[in-house]
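Q: Pasting a structure here, questions to come.
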Amino acid sequence: MDPALKLWLVILVVGALNFFSRLSFIAFFARRSMPPMLALALRYVPVAMLTALIVPMVLPGPPMVVPDVPSPKILATLVAGAVAWLTHSTLKTLVAGMIALWSLQALYAAIG
Amino acid sequence: MEIRTARDRAPSALESGRQERVPRVLPFFVRKIYRSKDFREGFADMLPACVGLVPFGLVCGVGAVAAGASIWGALGMSAIIFSGAAQIIAAQLLAAGAPIAVIILTCVVAGLRFLMYSAAIAPYLRPLPPRWQRALAFLLTDQAFAAAIRRFDAGANPRAGGLHFLGAGFALWLCWQITNVVGYFAGNLVPASWSMEFAVPLCFIALIAPHFKSAPQVGAGVLAGVAVVALDGLPMRLNLIAAGVVGILAGTAIDLAQARWTRR
């Protein structure tokens with residue numbers, strides 16, 4: 001298949017399927033009421049799903065491993081988590097997390 | 001005979017309230033949204049998250065080059081697919097010459113979490129007219145979702161929350177196009193030693209940290225984190241969605257147990 005054609009097929013099909021995934025339950029529950037149990041469970045979607053996305057970005061891998069000595073990324077994540085929890089500010093979290101990461105990387109490199 | 005339309009059925013929060021009907025003519029429509037305070041706040045609220053998006057966008061741009069895409073192909077990916085994970089997967093598999101069915105299936109699996117986001121945001125978007133629901137659904141990303149839930153939970157009405165969501169989503173979409181294009185032409189200029197990719201988890205942390213206040217929310221986060229490592233062996237990165245489900249079930253179970261405890 002022509003590579004450009006293949007690329008555009010992927011773009012259009014994946015784009016459409018992504019859009020329908022995003023619209024699915026918004027459209028479904030536009031006319032129906034939501035069961036209370038489901039509404040309760042859905043309150044935990046942001047924390048559960050984003051934590052599941054964060055952890056693989058912080059741990060070394062793939063395959064994911066939990067190192068014996070915490071890596072600079074793991075420690076910087078804890079610093080950023082504390083700053084985010086205290087300030088609720090994306091910008092402060094970004095700045096604190098990156099500075100923590102760079103200092104820890106420098107420190108680890110110096111120690112060896 | 002009375003003809004009932006979708007608009008009669010749901011007197012929308014967007015059009016009720018003040019006399020400010022959202023006009024059907026596009027330019028007025030755009031101007032009115034642009035003037036709205038909530039739209040502007042949503043746009044401004046997402047600017048720090050846009051900074052965090054830069055490295056991710058650059059990586060996607062670089063990926064598009066590796067996949068042999070033209071600049072239009074790269075823009076098509078960022079503008080239409082509008083999902084970093086799916087774009088990176090698609091680019092890698094295209095570069096590797098994978099069959100088209102495999103590429104599509106893998107991308108859709110990566111996008112399964114959108115089903116959960118869609119369900120979680122659905123009650124808040126229910127009062128909005130269908131075309132607003134469609135527009136906001138298109139802009140539903142990890143960041144926009146978390147920010148919109150926060151805004152609605154803070155007490156925004158459907159109209160204000162919808163406009164805020166639209167502003168936030170538009171800021172992210174615009175930033176995504178710019179960073180993808182920059183990545184396409186100059187993505188390799190940022191040295192890997194800067195670890196700029198770390199900005200992506202940092203943004204996610206900032207979005208969820210305020211939720212870590214109650215036992216069910218902490219339980220949901222911890223269990224999801226443990227599960228994503230434990231289930232790492234699953235194919236097609238299904239561990240992400242599986243861990244999300246584990247976290248949601250854990251949060252719900254703790255919530256129910258708490259409710260039963262306090263009732264006694």
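Letters A, B, ... go to the chains of the structure tokens in the order shown; residues in each chain start at 1; ligands are counted from 1 in the same order.
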Between chain B and chain A, at 6 Å or less, what are the per-residue closest atom pairs and their distances in Å? Count only C-alpha atoms, order by chain and rising residue number, and return it as JSON lines.
A:
{"residue": "B:Pro48", "atom": "CA", "partner": "A:Leu91", "partner_atom": "CA", "distance": 5.3}
{"residue": "B:Met77", "atom": "CA", "partner": "A:Ile11", "partner_atom": "CA", "distance": 5.7}
{"residue": "B:Ile80", "atom": "CA", "partner": "A:Gly15", "partner_atom": "CA", "distance": 5.3}
{"residue": "B:Ile81", "atom": "CA", "partner": "A:Gly15", "partner_atom": "CA", "distance": 4.2}
{"residue": "B:Ile104", "atom": "CA", "partner": "A:Val14", "partner_atom": "CA", "distance": 6.0}
{"residue": "B:Phe114", "atom": "CA", "partner": "A:Arg22", "partner_atom": "CA", "distance": 5.1}
{"residue": "B:Leu115", "atom": "CA", "partner": "A:Ser21", "partner_atom": "CA", "distance": 5.3}
{"residue": "B:Ser118", "atom": "CA", "partner": "A:Phe25", "partner_atom": "CA", "distance": 5.2}
{"residue": "B:Ala119", "atom": "CA", "partner": "A:Phe25", "partner_atom": "CA", "distance": 4.7}
{"residue": "B:Ala120", "atom": "CA", "partner": "A:Leu42", "partner_atom": "CA", "distance": 5.1}
{"residue": "B:Ala122", "atom": "CA", "partner": "A:Ile26", "partner_atom": "CA", "distance": 4.3}
{"residue": "B:Arg126", "atom": "CA", "partner": "A:Ala30", "partner_atom": "CA", "distance": 4.9}
{"residue": "B:Ala137", "atom": "CA", "partner": "A:Leu23", "partner_atom": "CA", "distance": 5.0}
{"residue": "B:Phe138", "atom": "CA", "partner": "A:Phe19", "partner_atom": "CA", "distance": 5.7}
{"residue": "B:Pro201", "atom": "CA", "partner": "A:Ile54", "partner_atom": "CA", "distance": 5.1}
{"residue": "B:Leu202", "atom": "CA", "partner": "A:Leu94", "partner_atom": "CA", "distance": 5.8}
{"residue": "B:Ala206", "atom": "CA", "partner": "A:Ala84", "partner_atom": "CA", "distance": 5.0}
{"residue": "B:Ile208", "atom": "CA", "partner": "A:Val47", "partner_atom": "CA", "distance": 5.7}
{"residue": "B:Ala209", "atom": "CA", "partner": "A:Trp85", "partner_atom": "CA", "distance": 4.9}
{"residue": "B:Pro210", "atom": "CA", "partner": "A:Trp85", "partner_atom": "CA", "distance": 5.7}
{"residue": "B:Ala220", "atom": "CA", "partner": "A:Ala48", "partner_atom": "CA", "distance": 5.3}
{"residue": "B:Gly221", "atom": "CA", "partner": "A:Ala48", "partner_atom": "CA", "distance": 4.9}
{"residue": "B:Ala224", "atom": "CA", "partner": "A:Ala48", "partner_atom": "CA", "distance": 5.4}
{"residue": "B:Gly225", "atom": "CA", "partner": "A:Ala52", "partner_atom": "CA", "distance": 5.4}
{"residue": "B:Val228", "atom": "CA", "partner": "A:Ala52", "partner_atom": "CA", "distance": 5.7}
{"residue": "B:Leu240", "atom": "CA", "partner": "A:Ala52", "partner_atom": "CA", "distance": 5.6}
{"residue": "B:Ala243", "atom": "CA", "partner": "A:Ala52", "partner_atom": "CA", "distance": 6.0}
{"residue": "B:Gly244", "atom": "CA", "partner": "A:Met49", "partner_atom": "CA", "distance": 4.5}
{"residue": "B:Gly247", "atom": "CA", "partner": "A:Ala48", "partner_atom": "CA", "distance": 4.8}
{"residue": "B:Ile248", "atom": "CA", "partner": "A:Tyr44", "partner_atom": "CA", "distance": 5.1}
{"residue": "B:Thr252", "atom": "CA", "partner": "A:Ala41", "partner_atom": "CA", "distance": 5.2}
Q: Taking C-alpha atoms for each residue, export the selection above as a PDB file, in the first residue's frame.
A:
ATOM      1  CA  PRO B  48       0.897  25.869  32.476  1.00  0.00           C
ATOM      2  CA  MET B  77      -2.227  13.061  13.194  1.00  0.00           C
ATOM      3  CA  ILE B  80      -7.495  14.619  14.086  1.00  0.00           C
ATOM      4  CA  ILE B  81      -6.182  11.844  16.335  1.00  0.00           C
ATOM      5  CA  ILE B 104      -5.631   0.637  14.415  1.00  0.00           C
ATOM      6  CA  PHE B 114     -11.492   7.762  26.930  1.00  0.00           C
ATOM      7  CA  LEU B 115     -14.524   5.529  27.550  1.00  0.00           C
ATOM      8  CA  SER B 118     -16.588   9.987  28.779  1.00  0.00           C
ATOM      9  CA  ALA B 119     -18.679   8.223  31.412  1.00  0.00           C
ATOM     10  CA  ALA B 120     -17.239  10.267  34.271  1.00  0.00           C
ATOM     11  CA  ALA B 122     -21.274  12.626  31.148  1.00  0.00           C
ATOM     12  CA  ARG B 126     -25.928  16.259  30.277  1.00  0.00           C
ATOM     13  CA  ALA B 137     -16.050  15.155  23.410  1.00  0.00           C
ATOM     14  CA  PHE B 138     -13.575  15.883  20.616  1.00  0.00           C
ATOM     15  CA  PRO B 201       3.853  13.047  34.534  1.00  0.00           C
ATOM     16  CA  LEU B 202       4.420  16.285  36.476  1.00  0.00           C
ATOM     17  CA  ALA B 206      -0.630  18.562  39.485  1.00  0.00           C
ATOM     18  CA  ILE B 208      -4.793  14.799  40.543  1.00  0.00           C
ATOM     19  CA  ALA B 209      -2.988  15.915  43.725  1.00  0.00           C
ATOM     20  CA  PRO B 210      -5.969  17.975  44.965  1.00  0.00           C
ATOM     21  CA  ALA B 220      -7.888   4.366  44.307  1.00  0.00           C
ATOM     22  CA  GLY B 221      -4.538   6.008  43.481  1.00  0.00           C
ATOM     23  CA  ALA B 224      -3.967   1.733  40.545  1.00  0.00           C
ATOM     24  CA  GLY B 225      -0.255   2.449  40.971  1.00  0.00           C
ATOM     25  CA  VAL B 228      -0.045  -0.982  36.781  1.00  0.00           C
ATOM     26  CA  LEU B 240      -2.938   0.847  32.020  1.00  0.00           C
ATOM     27  CA  ALA B 243      -4.967  -0.734  36.615  1.00  0.00           C
ATOM     28  CA  GLY B 244      -7.470   2.087  36.158  1.00  0.00           C
ATOM     29  CA  GLY B 247      -8.172   1.668  41.247  1.00  0.00           C
ATOM     30  CA  ILE B 248     -11.802   2.599  40.558  1.00  0.00           C
ATOM     31  CA  THR B 252     -15.632   2.475  45.324  1.00  0.00           C
TER      32      THR B 252
END
Q: Write down as an MDAnalysis selection string the residues of stretch 17-259 of chain B whose backbone DSSP state falls under alpha helix (DSSP H).
A: chainID B and resid 26:35 37:45 47:66 71:76 84:95 100:110 113:125 130:138 142:153 158:186 199:208 215:230 238:259
Q: Pick out the residues sitting within 6 Å of stretch 158-175 of chain B, and hand them over as a list in words; count only C-alpha atoms, and ignore anything fewer than 6 positions along from it in its own chain.
A: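 Using only C-alpha atoms, the neighbours found are Ala13, Leu14, Asp38, Phe39, Gly42, Phe43, Met46, Leu139, Ala144, Ala148 and Phe152 of chain B.
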Q: Write out the residues from the selection above, keeping C-alpha atoms, as a PDB file, in the first residue's frame.
A:
ATOM      1  CA  ALA B  13     -28.297  25.628  30.225  1.00  0.00           C
ATOM      2  CA  LEU B  14     -26.283  27.340  27.518  1.00  0.00           C
ATOM      3  CA  ASP B  38     -15.260  31.274  31.546  1.00  0.00           C
ATOM      4  CA  PHE B  39     -13.810  30.457  28.125  1.00  0.00           C
ATOM      5  CA  GLY B  42     -10.314  27.872  30.847  1.00  0.00           C
ATOM      6  CA  PHE B  43      -7.806  28.902  28.188  1.00  0.00           C
ATOM      7  CA  MET B  46      -4.412  25.361  30.756  1.00  0.00           C
ATOM      8  CA  LEU B 139     -11.496  17.955  23.066  1.00  0.00           C
ATOM      9  CA  ALA B 144      -8.873  18.679  29.833  1.00  0.00           C
ATOM     10  CA  ALA B 148     -13.037  20.048  33.783  1.00  0.00           C
ATOM     11  CA  PHE B 152     -17.458  21.217  37.841  1.00  0.00           C
TER      12      PHE B 152
END
Q: Give me the residues within 8 Å of stretch 107-110 of chain B as a PDB file with N, CA, C and O atoms, in the first residue's frame, counting only C-alpha atoms and dropping any in the same chain fewer than 5 places off.
A:
ATOM      1  N   VAL A  14      -8.390   5.908  13.143  1.00  0.00           N
ATOM      2  CA  VAL A  14      -8.081   6.075  14.572  1.00  0.00           C
ATOM      3  C   VAL A  14      -8.722   7.353  15.098  1.00  0.00           C
ATOM      4  O   VAL A  14      -9.271   7.383  16.211  1.00  0.00           O
ATOM      5  N   LEU A  17     -12.432   6.592  15.590  1.00  0.00           N
ATOM      6  CA  LEU A  17     -12.669   5.693  16.723  1.00  0.00           C
ATOM      7  C   LEU A  17     -12.376   6.393  18.050  1.00  0.00           C
ATOM      8  O   LEU A  17     -13.093   6.213  19.030  1.00  0.00           O
ATOM      9  N   ASN A  18     -11.316   7.211  18.079  1.00  0.00           N
ATOM     10  CA  ASN A  18     -11.014   7.980  19.288  1.00  0.00           C
ATOM     11  C   ASN A  18     -12.169   8.914  19.620  1.00  0.00           C
ATOM     12  O   ASN A  18     -12.572   9.035  20.772  1.00  0.00           O
TER      13      ASN A  18
ATOM     14  N   ALA B  85      -0.535   9.420  23.111  1.00  0.00           N
ATOM     15  CA  ALA B  85      -0.235   7.987  23.179  1.00  0.00           C
ATOM     16  C   ALA B  85      -0.534   7.316  21.841  1.00  0.00           C
ATOM     17  O   ALA B  85       0.295   6.583  21.304  1.00  0.00           O
ATOM     18  N   ALA B  86      -1.725   7.583  21.292  1.00  0.00           N
ATOM     19  CA  ALA B  86      -2.112   6.945  20.029  1.00  0.00           C
ATOM     20  C   ALA B  86      -1.182   7.381  18.898  1.00  0.00           C
ATOM     21  O   ALA B  86      -0.816   6.567  18.048  1.00  0.00           O
ATOM     22  N   GLN B  87      -0.787   8.665  18.887  1.00  0.00           N
ATOM     23  CA  GLN B  87       0.089   9.144  17.813  1.00  0.00           C
ATOM     24  C   GLN B  87       1.457   8.476  17.860  1.00  0.00           C
ATOM     25  O   GLN B  87       2.006   8.107  16.821  1.00  0.00           O
ATOM     26  N   ILE B  89       2.222   5.572  19.218  1.00  0.00           N
ATOM     27  CA  ILE B  89       2.067   4.162  18.840  1.00  0.00           C
ATOM     28  C   ILE B  89       1.913   4.034  17.326  1.00  0.00           C
ATOM     29  O   ILE B  89       2.586   3.222  16.681  1.00  0.00           O
ATOM     30  N   ALA B  90       1.039   4.874  16.746  1.00  0.00           N
ATOM     31  CA  ALA B  90       0.807   4.809  15.302  1.00  0.00           C
ATOM     32  C   ALA B  90       2.102   5.069  14.541  1.00  0.00           C
ATOM     33  O   ALA B  90       2.431   4.357  13.585  1.00  0.00           O
ATOM     34  N   MET B 236      -0.126  -5.119  24.674  1.00  0.00           N
ATOM     35  CA  MET B 236      -0.712  -3.872  24.173  1.00  0.00           C
ATOM     36  C   MET B 236      -0.940  -2.837  25.267  1.00  0.00           C
ATOM     37  O   MET B 236      -1.870  -2.050  25.203  1.00  0.00           O
ATOM     38  N   ARG B 237      -0.122  -2.833  26.278  1.00  0.00           N
ATOM     39  CA  ARG B 237      -0.224  -1.893  27.398  1.00  0.00           C
ATOM     40  C   ARG B 237      -1.621  -1.898  28.011  1.00  0.00           C
ATOM     41  O   ARG B 237      -2.119  -0.875  28.480  1.00  0.00           O
ATOM     42  N   LEU B 238      -2.241  -3.067  28.000  1.00  0.00           N
ATOM     43  CA  LEU B 238      -3.561  -3.200  28.629  1.00  0.00           C
ATOM     44  C   LEU B 238      -3.472  -3.023  30.140  1.00  0.00           C
ATOM     45  O   LEU B 238      -4.488  -2.862  30.808  1.00  0.00           O
TER      46      LEU B 238
END
Q: Hey, can you check how far atom CA of B:Pro55 sits from atom CA of B:Tyr34?
A: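 Here the two named atoms are 28.0 Å from each other.
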